[in-house]
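Student: Sharing a structure here in C-alpha cells format.
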Amino acid sequence: GRAARRDLLSCGPGDRKLTRNLKRRYDEMHNVETPVEDLTPIDQTLEKEHEEKTRVKNIQVVEMGRWEVDTWYFSPFPGEYAHQHKLYVCEFCLKYMKKQKTYLRHKASCTRRCPPGKEIYRDNGREYTDSTGTTTTTTPLSAFEVDGREHKVYCQNLCLLAKLFLDHKTLYFDVELFLFYLVVERDAQGFSHVVGYFSKEKLCAEEYCLACILTLPPYQRKGYGRFLISLAYELSKKEGKIGTPERPLSDLGQVSFRSYWTRVLLDILKEFRGNVSIKNISALTSIRYDDIVSTLQSLSLIKYWKGQYIISVTPKIVEEHLKTVSSHVQQGELIPENLVWSPPTDTL
C-alpha cells in the first residue's frame, strides 16, 4: 500500500537492495515493462501467444461514419470477420460488418443516435480565442456512462474496435465488471459521434481511475485525450478517492497523462505560489502521490531532503513553465459544473 510506496520514495542513491515487491512497485510507477524472461511461466506463455497473434495485424482498414482509418494492431474479431481486409462499423451501435451493401442497409435502418446508458456531461460549445487571435466555437460535447453488464454487446464491440489501435489490451468479452465512459461530438442534427472512451473497473482493489483509454485516430491531437483524463479524475474526486491509470500505459497514454499532470500541477503551484505540500496537492486533484513526484521531477521543481520530497519553486519559475503550455480555452477543457454524476450504488 502507501507505506511501501513511501519506503520506495525514500530510497537514496546508496540503497541498491530493493525487495522484489518494491522493485515491482518501482517498475509500475515508472512504467517499466517487465522482461518476458522475468514473468511467471503462464504469463510468459500468454505474452508469447500475444506477440505471435499481434505480429501481423489482421484487419487493415475500418470504415466508420465519414472516416476510413488504417488500423494499427491485431484485434480478435470472431470467425471470418477476423480475416477481412476491411470492416465496416456503425458509429452509433458499433455493429461490425464485412460488406458495404450490408453496412449501407444497416445505416438506413439503425435507430440509435447516441451511446446507450446515461448522459453524465453536456457542453453546448463555447467561444474561445486561439493563439493567433482567431475566435472559434468549440464543438458541443457529451459524455455517457455505459454499464458493461447492461449493454454487453455494445461494450464488446467497443473493445474489439479499440484493440485495433491499442497494443496491450486484453479486455474484449468480459465487460460485465467494467463501466465505459464515452465522449461524443454532437452535430446540428442531434447525432452523436464517438471520439474516444475510457473504461473503469467497478470494484478495484488498486487506485485505478481508469483501465483503458483511447481517442480514435480521426480525433487525436484535438484535446480529447486531456478531456477523457480530466473526466476520469473528476469522477475520482466525486468518489473521494485518489486515482492513477492502470499500467502499462501506451506511448500515447504516457504522453497524455504527463501533459495533463503537468498542467494541473502548474496551475496549483501558481494559485498557492508554491506554498503547498504534495499531500495537499494529491487531496485537491485526486492525483496519486507517485505521479505528482515524477511529474515535478521532470520539471525540476522538487528536491529530496532529509528523507522526504520538498517542492522547490518560485512564482517566476512557474510562470516560465506555464508559457510552454496553452492557457487558452480549448476543445479538451472540461467544465466541472457540467458534470452531473454520483458514484454508482450497484457496482456488481
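Letters for chains follow the order of the C-alpha cells (A, B, ...), residue numbers begin at 1 for each chain, and ligand numbers begin at 1 in the order shown.
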Within 6 Å of range 193-203 of chain A, counting only C-alpha atoms, which residues show up once you throw out same-chain ones fewer than 5 positions away? Write them as a list in words, please.

Tutor: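 Once the nearby chain positions are removed, what remains is Leu177, Phe178, Leu179, Phe180, Tyr181, Leu182, Val183, Val184, Glu185, Leu210, Ala211, Cys212, Ile213, Leu214, Thr215, Leu216, Tyr219 and Thr347 of chain A.
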
Student: Can you pull out the residues contacting Thr262 in chain A? Cut-off 9 Å, using only C-alpha atoms, and skip same-chain residues under 5 positions away; I want them as a list of chain:residue names.

Tutor: A:Phe257, A:Asp267, A:Ile292, A:Thr295, A:Leu296, A:Leu299, A:Val325

Student: Can you write out the residues you just picked, keeping N, CA, C and O atoms, as a PDB file, in the first residue's frame?

Tutor:
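Saved file out_2.pdb follows:
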ATOM      1  N   PHE A 257      -1.017  11.586 -20.173  1.00  0.00           N
ATOM      2  CA  PHE A 257      -1.106  11.744 -18.722  1.00  0.00           C
ATOM      3  C   PHE A 257      -0.056  12.711 -18.198  1.00  0.00           C
ATOM      4  O   PHE A 257      -0.347  13.550 -17.335  1.00  0.00           O
ATOM      5  N   ASP A 267      -0.857  24.818 -12.457  1.00  0.00           N
ATOM      6  CA  ASP A 267      -1.963  25.691 -12.061  1.00  0.00           C
ATOM      7  C   ASP A 267      -2.092  25.751 -10.541  1.00  0.00           C
ATOM      8  O   ASP A 267      -2.348  26.813  -9.960  1.00  0.00           O
ATOM      9  N   ILE A 292       2.562  12.698  -8.877  1.00  0.00           N
ATOM     10  CA  ILE A 292       2.931  14.093  -8.616  1.00  0.00           C
ATOM     11  C   ILE A 292       4.449  14.220  -8.523  1.00  0.00           C
ATOM     12  O   ILE A 292       5.049  15.112  -9.131  1.00  0.00           O
ATOM     13  N   THR A 295       6.186  13.818 -11.955  1.00  0.00           N
ATOM     14  CA  THR A 295       5.934  14.976 -12.818  1.00  0.00           C
ATOM     15  C   THR A 295       6.753  16.183 -12.369  1.00  0.00           C
ATOM     16  O   THR A 295       7.375  16.871 -13.190  1.00  0.00           O
ATOM     17  N   LEU A 296       6.782  16.445 -11.069  1.00  0.00           N
ATOM     18  CA  LEU A 296       7.577  17.561 -10.554  1.00  0.00           C
ATOM     19  C   LEU A 296       9.071  17.335 -10.789  1.00  0.00           C
ATOM     20  O   LEU A 296       9.822  18.275 -11.052  1.00  0.00           O
ATOM     21  N   LEU A 299      10.033  18.361 -14.184  1.00  0.00           N
ATOM     22  CA  LEU A 299      10.059  19.813 -14.321  1.00  0.00           C
ATOM     23  C   LEU A 299      11.156  20.455 -13.462  1.00  0.00           C
ATOM     24  O   LEU A 299      11.299  21.682 -13.465  1.00  0.00           O
ATOM     25  N   VAL A 325       2.814  25.795 -22.011  1.00  0.00           N
ATOM     26  CA  VAL A 325       1.543  25.080 -22.173  1.00  0.00           C
ATOM     27  C   VAL A 325       0.457  26.091 -22.487  1.00  0.00           C
ATOM     28  O   VAL A 325       0.508  27.236 -22.040  1.00  0.00           O
TER      29      VAL A 325
END

Student: I need the residue nearest Tyr96 in chain A from this list: A:Glu239, A:Glu80, A:Asp70, A:Asp174. Use only C-alpha atoms for the distance.

Tutor: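 Under the stated criterion, the closest residue is A:Glu80.
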
Student: Sort by chain and increasing residue number a table of all residues of range 124-145 of chain A within 10 Å of range 331-345 of chain A, each with its closest pair of atoms and their distance in Å to one decimal, counting only C-alpha atoms, and write it as a tab-separated table.

Tutor:
residue	atom	partner	partner_atom	distance
A:Asn124	CA	A:Asn338	CA	9.8
A:Gly125	CA	A:Gln331	CA	8.8
A:Arg126	CA	A:Gln331	CA	8.9
A:Tyr128	CA	A:Gln331	CA	9.3
A:Thr136	CA	A:Gln331	CA	9.9
A:Thr137	CA	A:Gln331	CA	8.8
A:Thr138	CA	A:Gln331	CA	5.5
A:Thr139	CA	A:Gln331	CA	7.0
A:Pro140	CA	A:Gln331	CA	9.2
A:Leu141	CA	A:Gln331	CA	9.1
A:Ser142	CA	A:Asn338	CA	9.5
A:Ala143	CA	A:Leu339	CA	8.8
A:Glu145	CA	A:Trp341	CA	9.3

Student: Would you kindly return, as a ChimeraX atom specification, each protein, DNA or RNA residue with an atom no farther than 12 Å from any atom of Val62 in chain A, considering only C-alpha atoms and excluding same-chain residues fewer than 4 positions away?

Tutor: /A:58,66-73,75,81,84-91,94,96-100,103,160-162,164-165,216-218

Student: Please, which residues of range 142-321 of chain A, numbered as in this document, come out alpha helix (DSSP H) from DSSP, as an mmCIF file with N, CA, C and O atoms, in the first residue's frame?

Tutor:
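Contents of states.cif, freshly written:
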data_model
loop_
_atom_site.group_PDB
_atom_site.id
_atom_site.type_symbol
_atom_site.label_atom_id
_atom_site.label_comp_id
_atom_site.auth_asym_id
_atom_site.auth_seq_id
_atom_site.Cartn_x
_atom_site.Cartn_y
_atom_site.Cartn_z
ATOM 1 N N LYS A 152 -23.907 -5.295 -22.925
ATOM 2 C CA LYS A 152 -22.761 -6.184 -23.117
ATOM 3 C C LYS A 152 -22.246 -6.172 -24.557
ATOM 4 O O LYS A 152 -21.042 -6.010 -24.794
ATOM 5 N N VAL A 153 -23.127 -6.340 -25.521
ATOM 6 C CA VAL A 153 -22.703 -6.431 -26.928
ATOM 7 C C VAL A 153 -22.081 -5.112 -27.383
ATOM 8 O O VAL A 153 -21.039 -5.096 -28.050
ATOM 9 N N TYR A 154 -22.699 -3.999 -27.016
ATOM 10 C CA TYR A 154 -22.160 -2.689 -27.389
ATOM 11 C C TYR A 154 -20.738 -2.527 -26.849
ATOM 12 O O TYR A 154 -19.830 -2.105 -27.570
ATOM 13 N N CYS A 155 -20.531 -2.883 -25.588
ATOM 14 C CA CYS A 155 -19.210 -2.716 -24.965
ATOM 15 C C CYS A 155 -18.185 -3.693 -25.527
ATOM 16 O O CYS A 155 -17.009 -3.347 -25.691
ATOM 17 N N GLN A 156 -18.619 -4.904 -25.869
ATOM 18 C CA GLN A 156 -17.718 -5.853 -26.520
ATOM 19 C C GLN A 156 -17.287 -5.322 -27.881
ATOM 20 O O GLN A 156 -16.104 -5.394 -28.251
ATOM 21 N N ASN A 157 -18.227 -4.766 -28.633
ATOM 22 C CA ASN A 157 -17.892 -4.195 -29.938
ATOM 23 C C ASN A 157 -16.935 -3.019 -29.795
ATOM 24 O O ASN A 157 -16.004 -2.845 -30.600
ATOM 25 N N LEU A 158 -17.140 -2.212 -28.754
ATOM 26 C CA LEU A 158 -16.247 -1.085 -28.490
ATOM 27 C C LEU A 158 -14.830 -1.576 -28.217
ATOM 28 O O LEU A 158 -13.853 -1.023 -28.742
ATOM 29 N N CYS A 159 -14.701 -2.636 -27.419
ATOM 30 C CA CYS A 159 -13.377 -3.169 -27.078
ATOM 31 C C CYS A 159 -12.673 -3.753 -28.297
ATOM 32 O O CYS A 159 -11.463 -3.578 -28.463
ATOM 33 N N LEU A 160 -13.416 -4.452 -29.153
ATOM 34 C CA LEU A 160 -12.815 -5.016 -30.363
ATOM 35 C C LEU A 160 -12.344 -3.909 -31.295
ATOM 36 O O LEU A 160 -11.265 -4.005 -31.904
ATOM 37 N N LEU A 161 -13.131 -2.856 -31.412
ATOM 38 C CA LEU A 161 -12.728 -1.704 -32.222
ATOM 39 C C LEU A 161 -11.486 -1.044 -31.638
ATOM 40 O O LEU A 161 -10.523 -0.749 -32.352
ATOM 41 N N ALA A 162 -11.483 -0.842 -30.315
ATOM 42 C CA ALA A 162 -10.366 -0.172 -29.664
ATOM 43 C C ALA A 162 -9.068 -0.951 -29.816
ATOM 44 O O ALA A 162 -7.989 -0.364 -29.963
ATOM 45 N N LYS A 163 -9.156 -2.285 -29.793
ATOM 46 C CA LYS A 163 -7.952 -3.110 -29.882
ATOM 47 C C LYS A 163 -7.208 -2.890 -31.195
ATOM 48 O O LYS A 163 -5.982 -3.082 -31.270
ATOM 49 N N TYR A 224 -8.880 15.816 -26.939
ATOM 50 C CA TYR A 224 -9.821 14.867 -26.348
ATOM 51 C C TYR A 224 -9.163 13.918 -25.348
ATOM 52 O O TYR A 224 -9.819 13.433 -24.420
ATOM 53 N N GLY A 225 -7.881 13.637 -25.536
ATOM 54 C CA GLY A 225 -7.177 12.821 -24.545
ATOM 55 C C GLY A 225 -7.187 13.508 -23.196
ATOM 56 O O GLY A 225 -7.478 12.887 -22.164
ATOM 57 N N ARG A 226 -6.898 14.797 -23.198
ATOM 58 C CA ARG A 226 -6.945 15.589 -21.964
ATOM 59 C C ARG A 226 -8.349 15.587 -21.372
ATOM 60 O O ARG A 226 -8.525 15.473 -20.155
ATOM 61 N N PHE A 227 -9.351 15.703 -22.220
ATOM 62 C CA PHE A 227 -10.733 15.714 -21.736
ATOM 63 C C PHE A 227 -11.075 14.400 -21.038
ATOM 64 O O PHE A 227 -11.655 14.389 -19.943
ATOM 65 N N LEU A 228 -10.717 13.281 -21.661
ATOM 66 C CA LEU A 228 -11.000 11.973 -21.072
ATOM 67 C C LEU A 228 -10.302 11.810 -19.724
ATOM 68 O O LEU A 228 -10.894 11.317 -18.756
ATOM 69 N N ILE A 229 -9.040 12.222 -19.659
ATOM 70 C CA ILE A 229 -8.292 12.120 -18.404
ATOM 71 C C ILE A 229 -8.911 13.025 -17.347
ATOM 72 O O ILE A 229 -9.069 12.635 -16.177
ATOM 73 N N SER A 230 -9.287 14.249 -17.738
ATOM 74 C CA SER A 230 -9.936 15.172 -16.798
ATOM 75 C C SER A 230 -11.219 14.561 -16.243
ATOM 76 O O SER A 230 -11.500 14.660 -15.038
ATOM 77 N N LEU A 231 -11.991 13.926 -17.123
ATOM 78 C CA LEU A 231 -13.234 13.302 -16.696
ATOM 79 C C LEU A 231 -12.970 12.191 -15.690
ATOM 80 O O LEU A 231 -13.666 12.075 -14.665
ATOM 81 N N ALA A 232 -11.952 11.373 -15.952
ATOM 82 C CA ALA A 232 -11.618 10.277 -15.037
ATOM 83 C C ALA A 232 -11.278 10.812 -13.650
ATOM 84 O O ALA A 232 -11.721 10.265 -12.626
ATOM 85 N N TYR A 233 -10.511 11.894 -13.590
ATOM 86 C CA TYR A 233 -10.127 12.455 -12.293
ATOM 87 C C TYR A 233 -11.292 13.180 -11.613
ATOM 88 O O TYR A 233 -11.388 13.192 -10.379
ATOM 89 N N GLU A 234 -12.178 13.781 -12.386
ATOM 90 C CA GLU A 234 -13.358 14.406 -11.786
ATOM 91 C C GLU A 234 -14.251 13.348 -11.128
ATOM 92 O O GLU A 234 -14.827 13.581 -10.062
ATOM 93 N N LEU A 235 -14.350 12.176 -11.752
ATOM 94 C CA LEU A 235 -15.118 11.087 -11.148
ATOM 95 C C LEU A 235 -14.451 10.637 -9.847
ATOM 96 O O LEU A 235 -15.131 10.369 -8.847
ATOM 97 N N SER A 236 -13.107 10.550 -9.852
ATOM 98 C CA SER A 236 -12.379 10.167 -8.638
ATOM 99 C C SER A 236 -12.622 11.175 -7.512
ATOM 100 O O SER A 236 -12.788 10.798 -6.340
ATOM 101 N N LYS A 237 -12.657 12.465 -7.858
ATOM 102 C CA LYS A 237 -12.921 13.496 -6.849
ATOM 103 C C LYS A 237 -14.294 13.295 -6.219
ATOM 104 O O LYS A 237 -14.458 13.390 -4.996
ATOM 105 N N LYS A 238 -15.284 13.006 -7.062
ATOM 106 C CA LYS A 238 -16.642 12.810 -6.543
ATOM 107 C C LYS A 238 -16.732 11.534 -5.709
ATOM 108 O O LYS A 238 -17.586 11.423 -4.830
ATOM 109 N N GLU A 239 -15.858 10.570 -5.993
ATOM 110 C CA GLU A 239 -15.816 9.346 -5.195
ATOM 111 C C GLU A 239 -15.014 9.528 -3.909
ATOM 112 O O GLU A 239 -15.046 8.669 -3.028
ATOM 113 N N ASP A 251 2.364 4.407 -25.324
ATOM 114 C CA ASP A 251 3.206 5.592 -25.519
ATOM 115 C C ASP A 251 2.360 6.860 -25.543
ATOM 116 O O ASP A 251 2.696 7.868 -24.912
ATOM 117 N N LEU A 252 1.241 6.800 -26.276
ATOM 118 C CA LEU A 252 0.351 7.960 -26.345
ATOM 119 C C LEU A 252 -0.259 8.254 -24.982
ATOM 120 O O LEU A 252 -0.418 9.415 -24.597
ATOM 121 N N GLY A 253 -0.618 7.185 -24.250
ATOM 122 C CA GLY A 253 -1.187 7.366 -22.925
ATOM 123 C C GLY A 253 -0.214 8.016 -21.969
ATOM 124 O O GLY A 253 -0.568 8.914 -21.190
ATOM 125 N N GLN A 254 1.044 7.593 -22.042
ATOM 126 C CA GLN A 254 2.081 8.153 -21.172
ATOM 127 C C GLN A 254 2.241 9.649 -21.429
ATOM 128 O O GLN A 254 2.301 10.456 -20.486
ATOM 129 N N VAL A 255 2.290 10.024 -22.695
ATOM 130 C CA VAL A 255 2.439 11.441 -23.058
ATOM 131 C C VAL A 255 1.217 12.238 -22.596
ATOM 132 O O VAL A 255 1.340 13.345 -22.050
ATOM 133 N N SER A 256 0.028 11.684 -22.804
ATOM 134 C CA SER A 256 -1.210 12.394 -22.457
ATOM 135 C C SER A 256 -1.321 12.626 -20.956
ATOM 136 O O SER A 256 -1.678 13.724 -20.509
ATOM 137 N N PHE A 257 -1.017 11.586 -20.173
ATOM 138 C CA PHE A 257 -1.106 11.744 -18.722
ATOM 139 C C PHE A 257 -0.056 12.711 -18.198
ATOM 140 O O PHE A 257 -0.347 13.550 -17.335
ATOM 141 N N ARG A 258 1.168 12.605 -18.697
ATOM 142 C CA ARG A 258 2.207 13.522 -18.236
ATOM 143 C C ARG A 258 1.839 14.967 -18.578
ATOM 144 O O ARG A 258 2.058 15.884 -17.774
ATOM 145 N N SER A 259 1.269 15.192 -19.744
ATOM 146 C CA SER A 259 0.837 16.532 -20.141
ATOM 147 C C SER A 259 -0.269 17.038 -19.213
ATOM 148 O O SER A 259 -0.250 18.194 -18.769
ATOM 149 N N TYR A 260 -1.229 16.164 -18.894
ATOM 150 C CA TYR A 260 -2.329 16.547 -18.002
ATOM 151 C C TYR A 260 -1.799 16.871 -16.609
ATOM 152 O O TYR A 260 -2.129 17.914 -16.028
ATOM 153 N N TRP A 261 -0.984 15.962 -16.058
ATOM 154 C CA TRP A 261 -0.438 16.196 -14.718
ATOM 155 C C TRP A 261 0.356 17.502 -14.664
ATOM 156 O O TRP A 261 0.246 18.266 -13.707
ATOM 157 N N THR A 262 1.160 17.761 -15.706
ATOM 158 C CA THR A 262 1.985 18.968 -15.743
ATOM 159 C C THR A 262 1.122 20.215 -15.644
ATOM 160 O O THR A 262 1.375 21.108 -14.825
ATOM 161 N N ARG A 263 0.093 20.291 -16.475
ATOM 162 C CA ARG A 263 -0.763 21.495 -16.490
ATOM 163 C C ARG A 263 -1.498 21.668 -15.158
ATOM 164 O O ARG A 263 -1.564 22.780 -14.601
ATOM 165 N N VAL A 264 -2.047 20.584 -14.622
ATOM 166 C CA VAL A 264 -2.793 20.669 -13.365
ATOM 167 C C VAL A 264 -1.878 21.108 -12.219
ATOM 168 O O VAL A 264 -2.228 21.989 -11.423
ATOM 169 N N LEU A 265 -0.684 20.522 -12.139
ATOM 170 C CA LEU A 265 0.233 20.855 -11.053
ATOM 171 C C LEU A 265 0.746 22.289 -11.157
ATOM 172 O O LEU A 265 0.870 22.990 -10.145
ATOM 173 N N LEU A 266 1.026 22.739 -12.376
ATOM 174 C CA LEU A 266 1.483 24.123 -12.540
ATOM 175 C C LEU A 266 0.399 25.115 -12.129
ATOM 176 O O LEU A 266 0.683 26.150 -11.510
ATOM 177 N N ASP A 267 -0.857 24.818 -12.457
ATOM 178 C CA ASP A 267 -1.963 25.691 -12.061
ATOM 179 C C ASP A 267 -2.092 25.751 -10.541
ATOM 180 O O ASP A 267 -2.348 26.813 -9.960
ATOM 181 N N ILE A 268 -1.932 24.597 -9.883
ATOM 182 C CA ILE A 268 -1.999 24.552 -8.416
ATOM 183 C C ILE A 268 -0.852 25.356 -7.799
ATOM 184 O O ILE A 268 -1.052 26.152 -6.873
ATOM 185 N N LEU A 269 0.359 25.162 -8.318
ATOM 186 C CA LEU A 269 1.527 25.872 -7.786
ATOM 187 C C LEU A 269 1.402 27.380 -8.006
ATOM 188 O O LEU A 269 1.830 28.171 -7.161
ATOM 189 N N LYS A 270 0.800 27.768 -9.118
ATOM 190 C CA LYS A 270 0.583 29.199 -9.370
ATOM 191 C C LYS A 270 -0.412 29.770 -8.363
ATOM 192 O O LYS A 270 -0.195 30.846 -7.791
ATOM 193 N N GLU A 271 -1.492 29.030 -8.125
ATOM 194 C CA GLU A 271 -2.532 29.509 -7.211
ATOM 195 C C GLU A 271 -2.016 29.643 -5.774
ATOM 196 O O GLU A 271 -2.331 30.610 -5.076
ATOM 197 N N ILE A 278 2.905 18.104 -1.233
ATOM 198 C CA ILE A 278 2.499 17.078 -2.201
ATOM 199 C C ILE A 278 1.217 16.399 -1.729
ATOM 200 O O ILE A 278 0.315 16.123 -2.531
ATOM 201 N N LYS A 279 1.127 16.152 -0.435
ATOM 202 C CA LYS A 279 -0.070 15.520 0.125
ATOM 203 C C LYS A 279 -1.312 16.375 -0.131
ATOM 204 O O LYS A 279 -2.374 15.864 -0.501
ATOM 205 N N ASN A 280 -1.182 17.693 0.042
ATOM 206 C CA ASN A 280 -2.319 18.594 -0.197
ATOM 207 C C ASN A 280 -2.683 18.650 -1.677
ATOM 208 O O ASN A 280 -3.865 18.709 -2.033
ATOM 209 N N ILE A 281 -1.661 18.643 -2.531
ATOM 210 C CA ILE A 281 -1.935 18.632 -3.975
ATOM 211 C C ILE A 281 -2.702 17.376 -4.346
ATOM 212 O O ILE A 281 -3.671 17.415 -5.121
ATOM 213 N N SER A 282 -2.300 16.238 -3.799
ATOM 214 C CA SER A 282 -2.974 14.975 -4.081
ATOM 215 C C SER A 282 -4.438 15.035 -3.650
ATOM 216 O O SER A 282 -5.340 14.592 -4.380
ATOM 217 N N ALA A 283 -4.710 15.618 -2.478
ATOM 218 C CA ALA A 283 -6.082 15.730 -1.982
ATOM 219 C C ALA A 283 -6.920 16.658 -2.866
ATOM 220 O O ALA A 283 -8.108 16.413 -3.096
ATOM 221 N N LEU A 284 -6.302 17.720 -3.391
ATOM 222 C CA LEU A 284 -7.014 18.683 -4.226
ATOM 223 C C LEU A 284 -7.328 18.140 -5.618
ATOM 224 O O LEU A 284 -8.358 18.470 -6.218
ATOM 225 N N THR A 285 -6.429 17.321 -6.141
ATOM 226 C CA THR A 285 -6.514 16.911 -7.552
ATOM 227 C C THR A 285 -6.918 15.464 -7.762
ATOM 228 O O THR A 285 -7.255 15.079 -8.884
ATOM 229 N N TYR A 289 0.230 10.346 -5.249
ATOM 230 C CA TYR A 289 1.486 10.925 -4.761
ATOM 231 C C TYR A 289 2.643 10.634 -5.722
ATOM 232 O O TYR A 289 3.405 11.536 -6.095
ATOM 233 N N ASP A 290 2.776 9.366 -6.138
ATOM 234 C CA ASP A 290 3.881 8.967 -7.010
ATOM 235 C C ASP A 290 3.874 9.745 -8.329
ATOM 236 O O ASP A 290 4.924 10.134 -8.853
ATOM 237 N N ASP A 291 2.669 9.940 -8.887
ATOM 238 C CA ASP A 291 2.549 10.632 -10.173
ATOM 239 C C ASP A 291 2.909 12.112 -10.027
ATOM 240 O O ASP A 291 3.487 12.712 -10.939
ATOM 241 N N ILE A 292 2.562 12.698 -8.877
ATOM 242 C CA ILE A 292 2.931 14.093 -8.616
ATOM 243 C C ILE A 292 4.449 14.220 -8.523
ATOM 244 O O ILE A 292 5.049 15.112 -9.131
ATOM 245 N N VAL A 293 5.077 13.313 -7.778
ATOM 246 C CA VAL A 293 6.522 13.348 -7.607
ATOM 247 C C VAL A 293 7.240 13.224 -8.952
ATOM 248 O O VAL A 293 8.135 14.016 -9.274
ATOM 249 N N SER A 294 6.860 12.228 -9.758
ATOM 250 C CA SER A 294 7.551 12.015 -11.033
ATOM 251 C C SER A 294 7.367 13.195 -11.982
ATOM 252 O O SER A 294 8.288 13.564 -12.720
ATOM 253 N N THR A 295 6.186 13.818 -11.955
ATOM 254 C CA THR A 295 5.934 14.976 -12.818
ATOM 255 C C THR A 295 6.753 16.183 -12.369
ATOM 256 O O THR A 295 7.375 16.871 -13.190
ATOM 257 N N LEU A 296 6.782 16.445 -11.069
ATOM 258 C CA LEU A 296 7.577 17.561 -10.554
ATOM 259 C C LEU A 296 9.071 17.335 -10.789
ATOM 260 O O LEU A 296 9.822 18.275 -11.052
ATOM 261 N N GLN A 297 9.504 16.073 -10.714
ATOM 262 C CA GLN A 297 10.904 15.762 -11.023
ATOM 263 C C GLN A 297 11.226 16.094 -12.472
ATOM 264 O O GLN A 297 12.295 16.637 -12.781
ATOM 265 N N SER A 298 10.300 15.774 -13.380
ATOM 266 C CA SER A 298 10.537 16.053 -14.806
ATOM 267 C C SER A 298 10.630 17.549 -15.074
ATOM 268 O O SER A 298 11.227 17.977 -16.060
ATOM 269 N N PRO A 315 7.366 31.742 -7.986
ATOM 270 C CA PRO A 315 6.329 32.147 -8.945
ATOM 271 C C PRO A 315 6.885 32.386 -10.354
ATOM 272 O O PRO A 315 6.235 32.065 -11.350
ATOM 273 N N LYS A 316 8.105 32.924 -10.428
ATOM 274 C CA LYS A 316 8.702 33.204 -11.741
ATOM 275 C C LYS A 316 8.945 31.912 -12.517
ATOM 276 O O LYS A 316 8.680 31.838 -13.726
ATOM 277 N N ILE A 317 9.451 30.876 -11.819
ATOM 278 C CA ILE A 317 9.707 29.595 -12.489
ATOM 279 C C ILE A 317 8.403 28.970 -12.977
ATOM 280 O O ILE A 317 8.331 28.429 -14.087
ATOM 281 N N VAL A 318 7.355 29.059 -12.148
ATOM 282 C CA VAL A 318 6.046 28.527 -12.552
ATOM 283 C C VAL A 318 5.550 29.234 -13.806
ATOM 284 O O VAL A 318 5.061 28.600 -14.745
ATOM 285 N N GLU A 319 5.670 30.562 -13.823
ATOM 286 C CA GLU A 319 5.225 31.324 -14.991
ATOM 287 C C GLU A 319 5.997 30.925 -16.242
ATOM 288 O O GLU A 319 5.428 30.841 -17.335
ATOM 289 N N GLU A 320 7.298 30.689 -16.089
ATOM 290 C CA GLU A 320 8.109 30.265 -17.236
ATOM 291 C C GLU A 320 7.614 28.933 -17.781
ATOM 292 O O GLU A 320 7.509 28.748 -18.996
ATOM 293 N N HIS A 321 7.303 27.993 -16.888
ATOM 294 C CA HIS A 321 6.783 26.695 -17.335
ATOM 295 C C HIS A 321 5.404 26.839 -17.982
ATOM 296 O O HIS A 321 5.109 26.179 -18.977
#

Student: If I take CA of Gly117 in chain A and CA of Val175 in chain A, how far is one from the other in Å, to one decimal?

Tutor: 14.4 Å
